[in-house]
file protein-v2.pdb (PDB, C-alpha atoms, pLDDT in the B column)
ATOM      1  CA  GLU A  20     -15.774   7.479   8.462  1.00 58.00           C
ATOM      2  CA  GLY A  21     -15.638  11.204   8.285  1.00 64.00           C
ATOM      3  CA  PHE A  22     -17.366  12.002   5.004  1.00 71.00           C
ATOM      4  CA  ASP A  23     -20.892  12.275   3.714  1.00 81.00           C
ATOM      5  CA  GLU A  24     -22.239   8.784   2.930  1.00 84.00           C
ATOM      6  CA  ARG A  25     -23.903  10.159  -0.205  1.00 87.00           C
ATOM      7  CA  ILE A  26     -20.462  10.561  -1.785  1.00 85.00           C
ATOM      8  CA  ARG A  27     -19.836   6.825  -1.492  1.00 82.00           C
ATOM      9  CA  LYS A  28     -23.342   5.927  -2.536  1.00 87.00           C
ATOM     10  CA  TYR A  29     -23.800   8.220  -5.544  1.00 90.00           C
ATOM     11  CA  LEU A  30     -20.384   9.406  -6.759  1.00 90.00           C
ATOM     12  CA  ALA A  31     -17.725   6.822  -5.935  1.00 86.00           C
ATOM     13  CA  THR A  32     -16.951   4.174  -8.524  1.00 88.00           C
ATOM     14  CA  ASP A  33     -14.426   2.268  -6.382  1.00 88.00           C
ATOM     15  CA  GLU A  34     -13.494   1.899  -2.730  1.00 85.00           C
ATOM     16  CA  ILE A  35      -9.942   1.303  -1.523  1.00 87.00           C
ATOM     17  CA  SER A  36      -9.001   0.251   1.991  1.00 88.00           C
ATOM     18  CA  VAL A  37      -5.523   0.651   3.481  1.00 90.00           C
ATOM     19  CA  GLY A  38      -6.398  -1.327   6.594  1.00 89.00           C
ATOM     20  CA  ASP A  39      -8.875  -1.884   9.368  1.00 90.00           C
ATOM     21  CA  TYR A  40      -8.154   1.016  11.713  1.00 87.00           C
ATOM     22  CA  VAL A  41      -9.206   4.618  12.353  1.00 87.00           C
ATOM     23  CA  MET A  42      -6.863   7.507  11.537  1.00 88.00           C
ATOM     24  CA  THR A  43      -6.997  11.201  12.376  1.00 89.00           C
ATOM     25  CA  GLY A  44      -7.151  12.280   8.745  1.00 87.00           C
ATOM     26  CA  GLY A  45      -6.953  11.138   5.149  1.00 86.00           C
ATOM     27  CA  GLU A  46      -3.453  12.403   4.422  1.00 93.00           C
ATOM     28  CA  LEU A  47      -1.532   9.260   5.426  1.00 94.00           C
ATOM     29  CA  PRO A  48      -3.866   6.793   3.658  1.00 92.00           C
ATOM     30  CA  ALA A  49      -3.622   8.990   0.543  1.00 93.00           C
ATOM     31  CA  LEU A  50       0.184   8.835   0.731  1.00 96.00           C
ATOM     32  CA  VAL A  51       0.053   5.036   1.083  1.00 94.00           C
ATOM     33  CA  ILE A  52      -2.012   4.784  -2.098  1.00 94.00           C
ATOM     34  CA  ILE A  53       0.203   7.270  -3.973  1.00 96.00           C
ATOM     35  CA  ASP A  54       3.341   5.354  -2.965  1.00 93.00           C
ATOM     36  CA  THR A  55       2.005   1.920  -3.888  1.00 89.00           C
ATOM     37  CA  VAL A  56       0.628   3.044  -7.253  1.00 92.00           C
ATOM     38  CA  THR A  57       3.634   5.202  -8.185  1.00 93.00           C
ATOM     39  CA  ARG A  58       6.164   2.415  -7.613  1.00 88.00           C
ATOM     40  CA  LEU A  59       4.380   0.330 -10.273  1.00 87.00           C
ATOM     41  CA  MET A  60       5.001   2.990 -12.940  1.00 90.00           C
ATOM     42  CA  PRO A  61       7.893   2.336 -15.345  1.00 88.00           C
ATOM     43  CA  GLY A  62      11.094   4.152 -14.384  1.00 89.00           C
ATOM     44  CA  VAL A  63      10.164   4.849 -10.762  1.00 90.00           C
ATOM     45  CA  LEU A  64      12.178   1.969  -9.302  1.00 87.00           C
ATOM     46  CA  GLY A  65      15.784   1.403 -10.313  1.00 84.00           C
ATOM     47  CA  ASP A  66      15.119  -2.193 -11.390  1.00 82.00           C
ATOM     48  CA  GLU A  67      12.129  -2.771 -13.655  1.00 78.00           C
ATOM     49  CA  GLY A  68      11.703  -6.301 -12.255  1.00 78.00           C
ATOM     50  CA  ALA A  69      11.807  -5.195  -8.612  1.00 79.00           C
ATOM     51  CA  THR A  70       8.036  -5.349  -8.159  1.00 80.00           C
ATOM     52  CA  GLN A  71       8.057  -8.990  -9.246  1.00 77.00           C
ATOM     53  CA  ASN A  72      10.051  -9.843  -6.108  1.00 72.00           C
ATOM     54  CA  ASP A  73       7.808  -8.022  -3.634  1.00 75.00           C
ATOM     55  CA  SER A  74       6.361  -9.996  -0.735  1.00 71.00           C
ATOM     56  CA  HIS A  75       2.797  -9.777  -2.029  1.00 68.00           C
ATOM     57  CA  SER A  76       3.510 -10.117  -5.757  1.00 66.00           C
ATOM     58  CA  ASP A  77       3.406 -13.899  -6.086  1.00 65.00           C
ATOM     59  CA  ARG A  78       0.744 -15.559  -3.958  1.00 64.00           C
ATOM     60  CA  GLY A  79      -0.199 -12.599  -1.808  1.00 63.00           C
ATOM     61  CA  LEU A  80       1.739 -14.005   1.133  1.00 72.00           C
ATOM     62  CA  LEU A  81       4.453 -12.400   3.223  1.00 75.00           C
ATOM     63  CA  GLU A  82       8.007 -13.647   2.953  1.00 75.00           C
ATOM     64  CA  HIS A  83       9.917 -15.306   5.760  1.00 78.00           C
ATOM     65  CA  PRO A  84      11.454 -13.019   8.423  1.00 81.00           C
ATOM     66  CA  HIS A  85      14.641 -11.197   7.382  1.00 81.00           C
ATOM     67  CA  TYR A  86      17.518 -10.550   9.775  1.00 86.00           C
ATOM     68  CA  THR A  87      20.649  -8.413   9.662  1.00 86.00           C
ATOM     69  CA  ARG A  88      23.574  -7.788  11.982  1.00 87.00           C
ATOM     70  CA  PRO A  89      24.381  -7.824  14.813  1.00 87.00           C
ATOM     71  CA  VAL A  90      23.182 -11.367  15.518  1.00 82.00           C
ATOM     72  CA  ASN A  91      22.471 -10.484  19.153  1.00 83.00           C
ATOM     73  CA  PHE A  92      20.184  -7.486  19.314  1.00 76.00           C
TER      74      PHE A  92
END

call {"tool": "encode", "arguments": {"input": "protein-v2.pdb", "output": "structure tokens"}}
result
Amino acid sequence: EGFDERIRKYLATDEISVGDYVMTGGELPALVIIDTVTRLMPGVLGDEGATQNDSHSDRGLLEHPHYTRPVNF
């Protein structure tokens, strides 16, 4: 929402969704895309194999819940 439909119809070659919700502007979705694409570039992360261990890298599924301390929150 929020832009001329002719842009999507006649100029866009791809569409990217960051989720099924409405936001007040395009700044935050743009930052989400910049962050997710940038971290895949060589040298951005400290460990080159770090993206291979991401939750969505293997089968597209989330990992089990992670917990830290204190045990009683």

call {"tool": "atom_distance", "arguments": {"input": "protein-v2.pdb", "atom1": "CA of Val63 (chain A)", "atom2": "CA of Val51 (chain A)"}}
result
15.6 Å

call {"tool": "atom_distance", "arguments": {"input": "protein-v2.pdb", "atom1": "CA of Ile52 (chain A)", "atom2": "CA of Ser36 (chain A)"}}
result
9.3 Å

call {"tool": "atom_distance", "arguments": {"input": "protein-v2.pdb", "atom1": "CA of Tyr86 (chain A)", "atom2": "CA of Ala69 (chain A)"}}
result
20.0 Å

call {"tool": "closest_residue", "arguments": {"input": "protein-v2.pdb", "among": "A:His85, A:Arg25, A:Asp54, A:Asp73", "to": "Val37 (chain A)", "atoms": "all atoms listed in the file"}}
result
A:Asp54

call {"tool": "build_atoms", "arguments": {"input": "protein-v2.pdb", "residues": "region 57-74 of chain A", "atoms": "N, CA and C atoms", "output": "mmCIF file, keeping the file's coordinate frame"}}
result
data_model
loop_
_atom_site.group_PDB
_atom_site.id
_atom_site.type_symbol
_atom_site.label_atom_id
_atom_site.label_comp_id
_atom_site.auth_asym_id
_atom_site.auth_seq_id
_atom_site.Cartn_x
_atom_site.Cartn_y
_atom_site.Cartn_z
ATOM 1 N N THR A 57 2.502 4.588 -7.493
ATOM 2 C CA THR A 57 3.634 5.202 -8.185
ATOM 3 C C THR A 57 4.760 4.211 -8.421
ATOM 4 N N ARG A 58 5.040 3.348 -7.464
ATOM 5 C CA ARG A 58 6.164 2.415 -7.613
ATOM 6 C C ARG A 58 5.919 1.380 -8.707
ATOM 7 N N LEU A 59 4.679 1.254 -9.176
ATOM 8 C CA LEU A 59 4.380 0.330 -10.273
ATOM 9 C C LEU A 59 4.586 0.969 -11.648
ATOM 10 N N MET A 60 4.808 2.287 -11.675
ATOM 11 C CA MET A 60 5.001 2.990 -12.940
ATOM 12 C C MET A 60 6.418 2.749 -13.464
ATOM 13 N N PRO A 61 6.564 2.563 -14.772
ATOM 14 C CA PRO A 61 7.893 2.336 -15.345
ATOM 15 C C PRO A 61 8.839 3.496 -15.029
ATOM 16 N N GLY A 62 10.073 3.153 -14.644
ATOM 17 C CA GLY A 62 11.094 4.152 -14.384
ATOM 18 C C GLY A 62 11.154 4.664 -12.961
ATOM 19 N N VAL A 63 10.167 4.355 -12.139
ATOM 20 C CA VAL A 63 10.164 4.849 -10.762
ATOM 21 C C VAL A 63 11.178 4.090 -9.915
ATOM 22 N N LEU A 64 11.202 2.786 -10.024
ATOM 23 C CA LEU A 64 12.178 1.969 -9.302
ATOM 24 C C LEU A 64 13.414 1.776 -10.171
ATOM 25 N N GLY A 65 14.550 1.582 -9.560
ATOM 26 C CA GLY A 65 15.784 1.403 -10.313
ATOM 27 C C GLY A 65 15.790 0.149 -11.165
ATOM 28 N N ASP A 66 15.159 -0.911 -10.691
ATOM 29 C CA ASP A 66 15.119 -2.193 -11.390
ATOM 30 C C ASP A 66 13.684 -2.449 -11.831
ATOM 31 N N GLU A 67 13.484 -2.577 -13.129
ATOM 32 C CA GLU A 67 12.129 -2.771 -13.655
ATOM 33 C C GLU A 67 11.469 -4.045 -13.129
ATOM 34 N N GLY A 68 12.262 -5.051 -12.756
ATOM 35 C CA GLY A 68 11.703 -6.301 -12.255
ATOM 36 C C GLY A 68 11.548 -6.334 -10.748
ATOM 37 N N ALA A 69 11.826 -5.218 -10.077
ATOM 38 C CA ALA A 69 11.807 -5.195 -8.612
ATOM 39 C C ALA A 69 10.430 -5.521 -8.042
ATOM 40 N N THR A 70 9.374 -5.087 -8.694
ATOM 41 C CA THR A 70 8.036 -5.349 -8.159
ATOM 42 C C THR A 70 7.668 -6.826 -8.250
ATOM 43 N N GLN A 71 8.338 -7.559 -9.125
ATOM 44 C CA GLN A 71 8.057 -8.990 -9.246
ATOM 45 C C GLN A 71 8.565 -9.771 -8.041
ATOM 46 N N ASN A 72 9.477 -9.182 -7.278
ATOM 47 C CA ASN A 72 10.051 -9.843 -6.108
ATOM 48 C C ASN A 72 9.459 -9.344 -4.797
ATOM 49 N N ASP A 73 8.442 -8.519 -4.854
ATOM 50 C CA ASP A 73 7.808 -8.022 -3.634
ATOM 51 C C ASP A 73 7.123 -9.158 -2.880
ATOM 52 N N SER A 74 6.968 -8.964 -1.583
ATOM 53 C CA SER A 74 6.361 -9.996 -0.735
ATOM 54 C C SER A 74 4.981 -10.417 -1.221
#
